[in-house]
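A.B. asks: Structure below; questions to follow.
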Amino acid sequence: MAEENGAPANGGAEGGQGSASVSLPKYVPDNLGKEVHEQLTKLATEDPEFAKSIPQTLPEFGKAWLSTRAQLSEISRKYKEAEEGRKPPNSPQDYGLEKSKLPEGMVYDKPFADAFQAKAHKLGLPVKAVQELYDWYSGFALERSKAIGEQQRKQEAEREATRARDLDQMKTALRIQWGDRYDSRMPRNVAALQNPTLIPTELSQRLDKAGFLRDPVFHLWWDRYVSMTTSDRKLGLPREEGDGTEEEANAAEATVVDKDGKRHLKPGFFASTAKRHPARKKAS
């Protein structure tokens, strides 16, 4: 009667030929076929621990086989999923970036997202990788924008502080130069710069918008410009005590600007001049 639990690994080879024998359960040669029997014999001979792991009965072997088969199926399924996940979608739009949850304060940029998807599809990137990369970039871009904005605000604050210091210094310089007339001369200059008969309206508006009309730096230049023209009388500015000569004042007082902005001699100018300067009368 054959042994129930085991048989020589060499299948009972005559004359004791073959390698050192190992004991395999009887169902192996009886029920699993010659090819399987030979493979298990070879493995068991090479690895005694493997021989110990072989179930001793056919039902136990069946259960182990089913369990192993299920494990292999799961491994195969995961492998296939991984392979599918590494493939790009059918079209760039299938990345679905418009469904991404953007950081608070960030608006979906469709042109950029479309270009991002098109490039990713051209490179053959999988959906999950593209979605994660887009989410990361969105957060990075927002934080970067905030950092740049904060830096710009600090730089602007520093420029304003520097400008304020410069303006204070120029105001001091103007007060030294103009003395007690500073408080009257500054508004007088502003009024002159806003006078359409002297300065084109568009230019005056631009000066005002740029902040020049009340900028001491500009007025310091303006004052020097006026000095270079001999006297601000030639610019039609109202006379102030100590400004220019009497002859220059008379020249300004002899003209008038009409409704069209054109300057003309005042009526009676020659008569009044003849009274002040009899020698200039025309010989009769």
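Naming scheme: A, B, ... for chains in displayed order of the structure tokens; residues 1 onward per chain; ligands 1 onward as shown.
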Excluding same-chain residues fewer than 3 positions from Gln117 in chain A, what lies within 10 Å of it counting only C-alpha atoms, as a PyMOL selection string?

C.D. replies: chain A and resi 91-97+112-114+120-123+125+127+130-131+134

A.B. asks: Select from range 48-249 of chain A everything DSSP, run on the backbone, classes as helix (DSSP H, G or I), then give the selection as number ranges by chain.

C.D. replies: A: 48-53, 58-85, 92-95, 97-99, 110-122, 127-193, 201-209, 212-214, 216-228, 232-235, 246-249

A.B. asks: Fewer than 4 positions away in the same chain doesn't count, so skip those; otherwise give me all residues within 12 Å of Lys171 in chain A, counting only C-alpha atoms, as a ChimeraX atom specification.

C.D. replies: /A:163-167,175-179,182-183,186,214-220
